[in-house]
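**Student:** This structure is in structure tokens; I'll ask about it shortly.
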Amino acid sequence: MKILFLNGPNLNLLGLREPAVYGRVTLAEIEAQIRSKANELGVNVDFRQTNAESELVDWIQQAREVFDVIVINAAAYTHTSVAIRDAISGVGIPTIEIHLSNVYSREEFRHHSWIAPVCKGQITGFGANSYLLALQAAISIQL
Ligand code: CA2
């Protein structure tokens with residue numbers, strides 16, 4: 001089983017800026033946790049970050065027939081991108097939306113997700129654990 005983890009804009013700054021909102025864990029540390037757990041569970045993972053919307057669209061399209069599940073923290077593009085929604089809907093791979101923060105306890109503009117309706121489900125507000133919970137969810141929807 002192969003799971004593709006995608007991370008959107010500014011998540012490369014995780015742990016380096018705004019620790020009050022996003023915590024002190026870096027994206028590299030989250031990736032290491034995911035790789036270690038995935039290894040334990042015998043699952044193959046790819047973990048990527050980009051600031052470019054078009055690169056996320058390309059990666060989603062290219063996942064066809066390569067990955068079984070996509071886990072995506074689309075960051076700010078969650079709230080703006082019809083292109084990413086169309087890519088998820090077009091690729092036909094079950095996709096899980098995740099967020100570190102609880103987007104519903106934050107500003108109003110973060111309450112709307114363009115991708116939620118085309119995702120299998122959403123995990124939001126558990127910090128770095130959102131990624132581990134998504135790994136579990138990804139495995140369970142394939143069983
Ligand atoms: O809570 C999440 O995971 C978000 O997807 C994070 C996005 C935000 O736009 C979403 O509404 C919720 C922002 C990611 C930016 O991360 C930073 C980390 C450190 C410093 C600055 C930005």
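Here, A, B, ... name the chains of the structure tokens in the order displayed, residue numbers run from 1 inside each chain, and ligands are numbered from 1 in the same displayed order.
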Can you build me a table of chain A residues sitting at most 10 Å from ligand 1, with the closest atom pair per residue and its distance in Å to one decimal, using only C-alpha atoms and all ligand atoms, sorted by chain and residue number, as CSV?
**Tutor:**
```
residue,atom,partner,partner_atom_place_in_ligand_line,distance
A:Asn7,CA,ligand 1,5 (O),8.6
A:Gly8,CA,ligand 1,14 (C),7.4
A:Pro9,CA,ligand 1,14 (C),6.3
A:Asn10,CA,ligand 1,15 (C),4.4
A:Leu11,CA,ligand 1,16 (O),4.4
A:Asn12,CA,ligand 1,18 (C),7.0
A:Leu13,CA,ligand 1,19 (C),4.4
A:Leu14,CA,ligand 1,18 (C),4.0
A:Gly15,CA,ligand 1,19 (C),6.1
A:Leu16,CA,ligand 1,19 (C),6.2
A:Arg17,CA,ligand 1,20 (C),4.2
A:Glu18,CA,ligand 1,20 (C),4.7
A:Pro19,CA,ligand 1,19 (C),6.9
A:Ala20,CA,ligand 1,19 (C),9.3
A:Val21,CA,ligand 1,19 (C),7.8
A:Tyr22,CA,ligand 1,18 (C),5.9
A:Gly23,CA,ligand 1,19 (C),8.2
A:Arg24,CA,ligand 1,19 (C),8.9
A:Val25,CA,ligand 1,19 (C),9.8
A:Thr26,CA,ligand 1,18 (C),8.8
A:Leu27,CA,ligand 1,18 (C),9.2
A:Ile72,CA,ligand 1,5 (O),9.1
A:Asn73,CA,ligand 1,5 (O),5.5
A:Ala74,CA,ligand 1,5 (O),6.0
A:Ala75,CA,ligand 1,5 (O),3.3
A:Ala76,CA,ligand 1,9 (O),3.6
A:Tyr77,CA,ligand 1,9 (O),7.3
A:Thr78,CA,ligand 1,10 (C),7.0
A:His79,CA,ligand 1,11 (O),7.1
A:Thr80,CA,ligand 1,9 (O),9.9
A:Glu97,CA,ligand 1,5 (O),9.2
A:Ile98,CA,ligand 1,3 (O),6.6
A:His99,CA,ligand 1,3 (O),3.3
A:Leu100,CA,ligand 1,3 (O),3.7
A:Ser101,CA,ligand 1,1 (O),3.6
A:Asn102,CA,ligand 1,1 (O),6.3
A:Val103,CA,ligand 1,12 (C),5.8
A:Tyr104,CA,ligand 1,11 (O),9.3
A:Arg106,CA,ligand 1,11 (O),8.1
A:Glu107,CA,ligand 1,11 (O),8.5
A:Glu108,CA,ligand 1,11 (O),10.0
A:Phe109,CA,ligand 1,11 (O),8.2
A:Arg110,CA,ligand 1,11 (O),5.1
A:His111,CA,ligand 1,11 (O),8.2
A:His112,CA,ligand 1,11 (O),9.3
A:Ser113,CA,ligand 1,11 (O),9.1
A:Ile123,CA,ligand 1,3 (O),9.6
A:Thr124,CA,ligand 1,1 (O),7.1
A:Gly125,CA,ligand 1,1 (O),6.9
A:Phe126,CA,ligand 1,1 (O),9.0
A:Gly127,CA,ligand 1,1 (O),7.6
A:Ala128,CA,ligand 1,3 (O),8.9
A:Ser130,CA,ligand 1,3 (O),8.7
A:Tyr131,CA,ligand 1,3 (O),9.8
```
**Student:** Show which residues sit within 12 Å of Pro117 of chain A, as a list in words. Count only C-alpha atoms, and ignore same-chain residues fewer than 6 positions away.
**Tutor:**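 Final neighbour list, sorted by chain and number: Thr78, Val82, Ile84, Arg85, Asp86, Ile88, Ser89, Pro94, Thr95, Ile96 and Glu97 of chain A.
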**Student:** For each of A:Ser54, A:Ala63, A:Ala38, A:Val45, take the minimum atom-to-atom distance to Ile3 of chain A, counting only C-alpha atoms, then give the residue where this is smallest.
**Tutor:**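 Nearest to Ile3 of chain A: A:Val45.
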**Student:** Could you tell me which of A:Ile60, A:Ala32, A:Ile141, A:Val71 comes closest to Ala83 of chain A if we count only C-alpha atoms?
**Tutor:**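 Smallest distance to Ala83 of chain A is found for A:Ile60.
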**Student:** Give me every strand (DSSP E or B) residue in chain A, going by DSSP on the backbone, as an MDAnalysis selection string.
**Tutor:** chainID A and resid 2:7 44:49 69:73 95:99 121:124
**Student:** Can you tell me, as an mmCIF file with N, CA and C atoms, in the first residue's frame, what residues are no more than 7 Å from Asp68 of chain A when counting only C-alpha atoms, ignoring any on the same chain fewer than 2 positions away?
**Tutor:**
```
data_model
loop_
_atom_site.group_PDB
_atom_site.id
_atom_site.type_symbol
_atom_site.label_atom_id
_atom_site.label_comp_id
_atom_site.auth_asym_id
_atom_site.auth_seq_id
_atom_site.Cartn_x
_atom_site.Cartn_y
_atom_site.Cartn_z
ATOM 1 N N MET A 1 0.834 -1.205 0.000
ATOM 2 C CA MET A 1 0.000 0.000 0.000
ATOM 3 C C MET A 1 0.870 1.258 0.000
ATOM 4 N N LYS A 2 0.495 2.238 -0.849
ATOM 5 C CA LYS A 2 1.299 3.464 -0.961
ATOM 6 C C LYS A 2 0.447 4.700 -0.659
ATOM 7 N N ILE A 3 0.961 5.519 0.245
ATOM 8 C CA ILE A 3 0.228 6.725 0.650
ATOM 9 C C ILE A 3 1.071 7.954 0.308
ATOM 10 N N VAL A 66 -0.477 5.016 -8.972
ATOM 11 C CA VAL A 66 0.785 4.902 -8.223
ATOM 12 C C VAL A 66 0.488 4.818 -6.721
ATOM 13 N N ILE A 93 -8.710 9.006 -6.448
ATOM 14 C CA ILE A 93 -8.014 8.311 -5.348
ATOM 15 C C ILE A 93 -8.591 8.847 -4.036
#
```
**Student:** DSSP on the backbone: what in segment 40-134 of chain A comes out alpha helix (DSSP H), as a VMD selection string?
**Tutor:** chain A and resid 40 to 41 53 to 62 82 to 91 129 to 134
**Student:** Between A:Leu132, A:Leu56, A:Ala137, A:Ala87, which residue has the minimum interatomic distance to Lys37 of chain A, considering only C-alpha atoms?
**Tutor:**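 Of all the options, A:Leu132 lies closest to Lys37 of chain A.
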**Student:** Need to verify the contact set: Asp46 of chain A, 10 Å, only C-alpha atoms, exclusion of same-chain residues closer than 4 positions in sequence. Can you return it as a PDB file with N, CA and C atoms, in the first residue's frame?
**Tutor:**
```pdb
ATOM      1  N   LYS A   2       0.495   2.238  -0.849  1.00  0.00           N
ATOM      2  CA  LYS A   2       1.299   3.464  -0.961  1.00  0.00           C
ATOM      3  C   LYS A   2       0.447   4.700  -0.659  1.00  0.00           C
ATOM      4  N   ILE A   3       0.961   5.519   0.245  1.00  0.00           N
ATOM      5  CA  ILE A   3       0.228   6.725   0.650  1.00  0.00           C
ATOM      6  C   ILE A   3       1.071   7.954   0.308  1.00  0.00           C
ATOM      7  N   LEU A   4       0.422   8.922  -0.344  1.00  0.00           N
ATOM      8  CA  LEU A   4       1.095  10.171  -0.706  1.00  0.00           C
ATOM      9  C   LEU A   4       0.661  11.284   0.250  1.00  0.00           C
ATOM     10  N   PHE A   5       1.627  11.841   0.989  1.00  0.00           N
ATOM     11  CA  PHE A   5       1.366  12.989   1.873  1.00  0.00           C
ATOM     12  C   PHE A   5       1.772  14.267   1.141  1.00  0.00           C
ATOM     13  N   LEU A   6       0.817  15.187   0.982  1.00  0.00           N
ATOM     14  CA  LEU A   6       1.102  16.456   0.313  1.00  0.00           C
ATOM     15  C   LEU A   6       0.913  17.624   1.274  1.00  0.00           C
ATOM     16  N   GLU A  31       7.574  14.382   9.175  1.00  0.00           N
ATOM     17  CA  GLU A  31       7.872  13.373   8.144  1.00  0.00           C
ATOM     18  C   GLU A  31       8.579  12.165   8.775  1.00  0.00           C
ATOM     19  N   ILE A  34       6.106  10.041  10.638  1.00  0.00           N
ATOM     20  CA  ILE A  34       5.247   9.303   9.696  1.00  0.00           C
ATOM     21  C   ILE A  34       6.018   8.138   9.087  1.00  0.00           C
ATOM     22  N   ARG A  35       7.276   8.385   8.691  1.00  0.00           N
ATOM     23  CA  ARG A  35       8.091   7.316   8.084  1.00  0.00           C
ATOM     24  C   ARG A  35       8.303   6.172   9.074  1.00  0.00           C
ATOM     25  N   PHE A  67      -0.433   5.676  -6.257  1.00  0.00           N
ATOM     26  CA  PHE A  67      -0.763   5.726  -4.824  1.00  0.00           C
ATOM     27  C   PHE A  67      -2.189   5.235  -4.575  1.00  0.00           C
ATOM     28  N   ILE A  70      -4.345   9.537  -0.845  1.00  0.00           N
ATOM     29  CA  ILE A  70      -3.637  10.823  -0.713  1.00  0.00           C
ATOM     30  C   ILE A  70      -4.068  11.464   0.610  1.00  0.00           C
TER      31      ILE A  70
END
```
**Student:** A:Val57, A:Ser81, A:Gln33, A:Gln62: which is nearest Ala116 of chain A, counting only C-alpha atoms?
**Tutor:**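 Between A:Val57, A:Ser81, A:Gln33, A:Gln62, the residue approaching Ala116 of chain A most closely is A:Ser81.
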**Student:** Out of A:Cys119, A:Gln142, A:Ala28, A:Ala134, which residue has the shortest atom-to-atom distance to Arg48 of chain A when counting only C-alpha atoms?
**Tutor:**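 Result for the nearest residue to Arg48 of chain A: A:Ala28.
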**Student:** Suppose you want the space between atom CA of Ser140 of chain A and atom CA of Asn44 of chain A; what is it in Å?
**Tutor:**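 Atom CA of Asn44 of chain A lies at a distance of 14.6 Å from atom CA of Ser140 of chain A.
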**Student:** Record the distance separating atom CA of Ile115 of chain A and atom CA of Trp59 of chain A, expressed in Å with one decimal.
**Tutor:**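 Between atom CA of Ile115 of chain A and atom CA of Trp59 of chain A the gap works out to 15.5 Å.
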